[in-house]
Amino acid sequence: MTTQNSTPEQDRETGFMRRALGIAQAAAAAGETPVGAVIVDPATNEIVAEAGNAPISEQDPTAHAEIRALRLAAQRLGNYRLTGLELYVTLEPCAMCAGAISHARIGRLVYGASDPKGGAVDHGPQFFAQPTCHSRPNVTGGVLAEEASAMLKAFFRARRKKRPVD
């Protein structure tokens, strides 16, 4: 449903990002950093794969939401190249995830909150702007950024309160 001041495309983006935020909330409930990712086929608006952060539970430093969603999508489609698909993620991807997004040939990346410290799309190494980058997705940042940022801040605030004081 289109609101008075939004376009159908903005409503579509918001809908998929809300789905990613729900996945991020589930990751937080499991003790993981609240990041969620959803991969969509723009031709059909079908969700191909979705995942939340799980490095702690999977004991795998590469188990970021984006990597897990890319793996699931590749397995589901039977192809490691996810050409033309869209990836919605609640936090600006890090360098590892940006590299995987490039290698997967994702057509469009939509992210929520910026990550000045660990992000690699609009911050840090700006991976997709590098001449050695093989495939560059179209990038839209800031979709539901305030909600994504608030979720992350609340998660880390609660973790700091649980730490014993030395």
# chains A, B, ... in the order shown; residues from 1 in each chain; ligands from 1
>>> select_by_dssp(residues="range 21-157 of chain A", states="strand (DSSP E)", output="VMD selection string")
chain A and resid 36 to 41 46 to 52 86 to 91 108 to 113 138 to 141
>>> residues_around(residues="range 91-108 of chain A", least_positions_apart="4", cutoff="7 Å", atoms="only C-alpha atoms", output="PDB file with C-alpha atoms, in the first residue's frame")
ATOM      1  CA  VAL A  35      21.608  -7.867  11.511  1.00  0.00           C
ATOM      2  CA  GLU A  66      24.666 -11.405   4.182  1.00  0.00           C
ATOM      3  CA  ILE A  67      27.012 -14.381   3.752  1.00  0.00           C
ATOM      4  CA  TYR A  80      26.808 -19.323  -7.127  1.00  0.00           C
ATOM      5  CA  ARG A  81      26.048 -16.333  -9.336  1.00  0.00           C
ATOM      6  CA  LEU A  82      22.988 -14.475  -8.150  1.00  0.00           C
ATOM      7  CA  THR A  83      22.949 -12.076 -11.085  1.00  0.00           C
ATOM      8  CA  GLY A  84      20.313  -9.394 -10.878  1.00  0.00           C
ATOM      9  CA  LEU A  85      18.950 -10.312  -7.451  1.00  0.00           C
ATOM     10  CA  GLU A  86      18.509  -7.725  -4.709  1.00  0.00           C
ATOM     11  CA  LEU A  87      19.966  -7.925  -1.217  1.00  0.00           C
ATOM     12  CA  GLY A 112      19.542   0.340   6.462  1.00  0.00           C
ATOM     13  CA  ALA A 113      21.960   1.815   8.994  1.00  0.00           C
ATOM     14  CA  SER A 114      25.333   3.214   7.988  1.00  0.00           C
ATOM     15  CA  ASP A 115      28.386   1.758   9.704  1.00  0.00           C
ATOM     16  CA  GLY A 118      33.028  -1.283  10.049  1.00  0.00           C
ATOM     17  CA  GLY A 119      31.137  -0.566   6.845  1.00  0.00           C
ATOM     18  CA  ALA A 120      32.829  -0.975   3.491  1.00  0.00           C
ATOM     19  CA  VAL A 121      30.279   0.366   1.016  1.00  0.00           C
ATOM     20  CA  PHE A 127      34.733  -1.696  -1.816  1.00  0.00           C
ATOM     21  CA  HIS A 134      34.581  -7.287 -10.444  1.00  0.00           C
ATOM     22  CA  SER A 135      30.874  -6.519 -10.137  1.00  0.00           C
ATOM     23  CA  ARG A 136      29.236  -3.439  -8.651  1.00  0.00           C
ATOM     24  CA  PRO A 137      25.633  -3.518  -7.485  1.00  0.00           C
ATOM     25  CA  ASN A 138      23.426  -0.468  -7.519  1.00  0.00           C
ATOM     26  CA  VAL A 139      23.396   0.727  -3.905  1.00  0.00           C
TER      27      VAL A 139
END
>>> select_by_dssp(residues="range 44-78 of chain A", states="helix (DSSP H, G or I)", output="list in words")
Pro55, Ile56, Ser57, Glu58, Ala65, Glu66, Ile67, Arg68, Ala69, Leu70, Arg71, Leu72, Ala73, Ala74, Gln75, Arg76 and Leu77 of chain A
>>> write_last_selection(atoms="N, CA and C atoms", output="PDB file, in the first residue's frame")
ATOM      1  N   PRO A  55      27.431 -15.717  13.863  1.00  0.00           N
ATOM      2  CA  PRO A  55      28.804 -16.139  14.107  1.00  0.00           C
ATOM      3  C   PRO A  55      28.984 -16.852  15.443  1.00  0.00           C
ATOM      4  N   ILE A  56      28.246 -16.430  16.466  1.00  0.00           N
ATOM      5  CA  ILE A  56      28.405 -17.035  17.785  1.00  0.00           C
ATOM      6  C   ILE A  56      27.812 -18.441  17.790  1.00  0.00           C
ATOM      7  N   SER A  57      26.560 -18.560  17.368  1.00  0.00           N
ATOM      8  CA  SER A  57      25.894 -19.866  17.425  1.00  0.00           C
ATOM      9  C   SER A  57      26.502 -20.872  16.458  1.00  0.00           C
ATOM     10  N   GLU A  58      26.999 -20.405  15.320  1.00  0.00           N
ATOM     11  CA  GLU A  58      27.612 -21.319  14.356  1.00  0.00           C
ATOM     12  C   GLU A  58      29.119 -21.452  14.565  1.00  0.00           C
ATOM     13  N   ALA A  65      24.987 -12.153   8.361  1.00  0.00           N
ATOM     14  CA  ALA A  65      23.670 -12.323   7.747  1.00  0.00           C
ATOM     15  C   ALA A  65      23.762 -12.358   6.218  1.00  0.00           C
ATOM     16  N   GLU A  66      24.556 -11.466   5.645  1.00  0.00           N
ATOM     17  CA  GLU A  66      24.666 -11.405   4.182  1.00  0.00           C
ATOM     18  C   GLU A  66      25.264 -12.692   3.619  1.00  0.00           C
ATOM     19  N   ILE A  67      26.337 -13.169   4.229  1.00  0.00           N
ATOM     20  CA  ILE A  67      27.012 -14.381   3.752  1.00  0.00           C
ATOM     21  C   ILE A  67      26.063 -15.574   3.849  1.00  0.00           C
ATOM     22  N   ARG A  68      25.377 -15.700   4.963  1.00  0.00           N
ATOM     23  CA  ARG A  68      24.448 -16.817   5.152  1.00  0.00           C
ATOM     24  C   ARG A  68      23.315 -16.758   4.125  1.00  0.00           C
ATOM     25  N   ALA A  69      22.788 -15.552   3.867  1.00  0.00           N
ATOM     26  CA  ALA A  69      21.713 -15.417   2.875  1.00  0.00           C
ATOM     27  C   ALA A  69      22.231 -15.722   1.466  1.00  0.00           C
ATOM     28  N   LEU A  70      23.437 -15.258   1.141  1.00  0.00           N
ATOM     29  CA  LEU A  70      24.016 -15.558  -0.181  1.00  0.00           C
ATOM     30  C   LEU A  70      24.190 -17.063  -0.364  1.00  0.00           C
ATOM     31  N   ARG A  71      24.677 -17.740   0.663  1.00  0.00           N
ATOM     32  CA  ARG A  71      24.859 -19.199   0.578  1.00  0.00           C
ATOM     33  C   ARG A  71      23.529 -19.909   0.355  1.00  0.00           C
ATOM     34  N   LEU A  72      22.515 -19.511   1.122  1.00  0.00           N
ATOM     35  CA  LEU A  72      21.199 -20.141   0.979  1.00  0.00           C
ATOM     36  C   LEU A  72      20.603 -19.896  -0.408  1.00  0.00           C
ATOM     37  N   ALA A  73      20.740 -18.675  -0.905  1.00  0.00           N
ATOM     38  CA  ALA A  73      20.213 -18.351  -2.235  1.00  0.00           C
ATOM     39  C   ALA A  73      20.932 -19.155  -3.316  1.00  0.00           C
ATOM     40  N   ALA A  74      22.252 -19.248  -3.217  1.00  0.00           N
ATOM     41  CA  ALA A  74      23.020 -20.009  -4.204  1.00  0.00           C
ATOM     42  C   ALA A  74      22.625 -21.482  -4.189  1.00  0.00           C
ATOM     43  N   GLN A  75      22.447 -22.047  -3.004  1.00  0.00           N
ATOM     44  CA  GLN A  75      22.026 -23.447  -2.899  1.00  0.00           C
ATOM     45  C   GLN A  75      20.634 -23.640  -3.463  1.00  0.00           C
ATOM     46  N   ARG A  76      19.738 -22.727  -3.126  1.00  0.00           N
ATOM     47  CA  ARG A  76      18.356 -22.845  -3.607  1.00  0.00           C
ATOM     48  C   ARG A  76      18.284 -22.761  -5.130  1.00  0.00           C
ATOM     49  N   LEU A  77      19.062 -21.848  -5.711  1.00  0.00           N
ATOM     50  CA  LEU A  77      19.016 -21.637  -7.160  1.00  0.00           C
ATOM     51  C   LEU A  77      19.979 -22.543  -7.924  1.00  0.00           C
TER      52      LEU A  77
END
>>> decode(residues="range 94-109 of chain A", atoms="N, CA, C and O atoms", output="PDB file, in the first residue's frame")
ATOM      1  N   CYS A  94      30.187  -5.081   5.686  1.00  0.00           N
ATOM      2  CA  CYS A  94      31.626  -4.978   5.933  1.00  0.00           C
ATOM      3  C   CYS A  94      32.380  -5.364   4.652  1.00  0.00           C
ATOM      4  O   CYS A  94      31.779  -5.753   3.650  1.00  0.00           O
ATOM      5  N   ALA A  95      33.698  -5.302   4.693  1.00  0.00           N
ATOM      6  CA  ALA A  95      34.513  -5.619   3.520  1.00  0.00           C
ATOM      7  C   ALA A  95      34.327  -7.071   3.076  1.00  0.00           C
ATOM      8  O   ALA A  95      34.230  -7.351   1.876  1.00  0.00           O
ATOM      9  N   MET A  96      34.256  -8.006   4.030  1.00  0.00           N
ATOM     10  CA  MET A  96      34.064  -9.418   3.675  1.00  0.00           C
ATOM     11  C   MET A  96      32.748  -9.602   2.934  1.00  0.00           C
ATOM     12  O   MET A  96      32.696 -10.252   1.885  1.00  0.00           O
ATOM     13  N   CYS A  97      31.697  -9.017   3.468  1.00  0.00           N
ATOM     14  CA  CYS A  97      30.378  -9.175   2.859  1.00  0.00           C
ATOM     15  C   CYS A  97      30.289  -8.450   1.521  1.00  0.00           C
ATOM     16  O   CYS A  97      29.689  -8.958   0.569  1.00  0.00           O
ATOM     17  N   ALA A  98      30.904  -7.267   1.417  1.00  0.00           N
ATOM     18  CA  ALA A  98      30.916  -6.545   0.145  1.00  0.00           C
ATOM     19  C   ALA A  98      31.622  -7.374  -0.925  1.00  0.00           C
ATOM     20  O   ALA A  98      31.150  -7.452  -2.072  1.00  0.00           O
ATOM     21  N   GLY A  99      32.717  -8.027  -0.564  1.00  0.00           N
ATOM     22  CA  GLY A  99      33.409  -8.892  -1.516  1.00  0.00           C
ATOM     23  C   GLY A  99      32.531 -10.040  -1.974  1.00  0.00           C
ATOM     24  O   GLY A  99      32.466 -10.357  -3.170  1.00  0.00           O
ATOM     25  N   ALA A 100      31.836 -10.653  -1.051  1.00  0.00           N
ATOM     26  CA  ALA A 100      30.944 -11.762  -1.403  1.00  0.00           C
ATOM     27  C   ALA A 100      29.787 -11.284  -2.271  1.00  0.00           C
ATOM     28  O   ALA A 100      29.387 -11.967  -3.229  1.00  0.00           O
ATOM     29  N   ILE A 101      29.251 -10.106  -1.980  1.00  0.00           N
ATOM     30  CA  ILE A 101      28.169  -9.530  -2.782  1.00  0.00           C
ATOM     31  C   ILE A 101      28.647  -9.314  -4.209  1.00  0.00           C
ATOM     32  O   ILE A 101      27.938  -9.623  -5.176  1.00  0.00           O
ATOM     33  N   SER A 102      29.861  -8.812  -4.358  1.00  0.00           N
ATOM     34  CA  SER A 102      30.435  -8.599  -5.684  1.00  0.00           C
ATOM     35  C   SER A 102      30.622  -9.920  -6.428  1.00  0.00           C
ATOM     36  O   SER A 102      30.233 -10.054  -7.584  1.00  0.00           O
ATOM     37  N   HIS A 103      31.193 -10.903  -5.751  1.00  0.00           N
ATOM     38  CA  HIS A 103      31.433 -12.203  -6.400  1.00  0.00           C
ATOM     39  C   HIS A 103      30.130 -12.903  -6.774  1.00  0.00           C
ATOM     40  O   HIS A 103      30.083 -13.629  -7.765  1.00  0.00           O
ATOM     41  N   ALA A 104      29.074 -12.671  -5.993  1.00  0.00           N
ATOM     42  CA  ALA A 104      27.777 -13.290  -6.289  1.00  0.00           C
ATOM     43  C   ALA A 104      27.057 -12.578  -7.428  1.00  0.00           C
ATOM     44  O   ALA A 104      26.065 -13.086  -7.937  1.00  0.00           O
ATOM     45  N   ARG A 105      27.529 -11.414  -7.803  1.00  0.00           N
ATOM     46  CA  ARG A 105      26.922 -10.627  -8.882  1.00  0.00           C
ATOM     47  C   ARG A 105      25.533 -10.090  -8.516  1.00  0.00           C
ATOM     48  O   ARG A 105      24.644  -9.979  -9.370  1.00  0.00           O
ATOM     49  N   ILE A 106      25.338  -9.778  -7.233  1.00  0.00           N
ATOM     50  CA  ILE A 106      24.075  -9.179  -6.796  1.00  0.00           C
ATOM     51  C   ILE A 106      23.864  -7.893  -7.596  1.00  0.00           C
ATOM     52  O   ILE A 106      24.791  -7.096  -7.766  1.00  0.00           O
ATOM     53  N   GLY A 107      22.652  -7.684  -8.089  1.00  0.00           N
ATOM     54  CA  GLY A 107      22.377  -6.520  -8.919  1.00  0.00           C
ATOM     55  C   GLY A 107      22.111  -5.247  -8.146  1.00  0.00           C
ATOM     56  O   GLY A 107      22.406  -4.152  -8.613  1.00  0.00           O
ATOM     57  N   ARG A 108      21.540  -5.419  -6.956  1.00  0.00           N
ATOM     58  CA  ARG A 108      21.201  -4.233  -6.168  1.00  0.00           C
ATOM     59  C   ARG A 108      21.348  -4.551  -4.686  1.00  0.00           C
ATOM     60  O   ARG A 108      20.901  -5.591  -4.223  1.00  0.00           O
ATOM     61  N   LEU A 109      21.952  -3.623  -3.968  1.00  0.00           N
ATOM     62  CA  LEU A 109      22.117  -3.714  -2.521  1.00  0.00           C
ATOM     63  C   LEU A 109      21.338  -2.571  -1.884  1.00  0.00           C
ATOM     64  O   LEU A 109      21.500  -1.412  -2.274  1.00  0.00           O
TER      65      LEU A 109
END
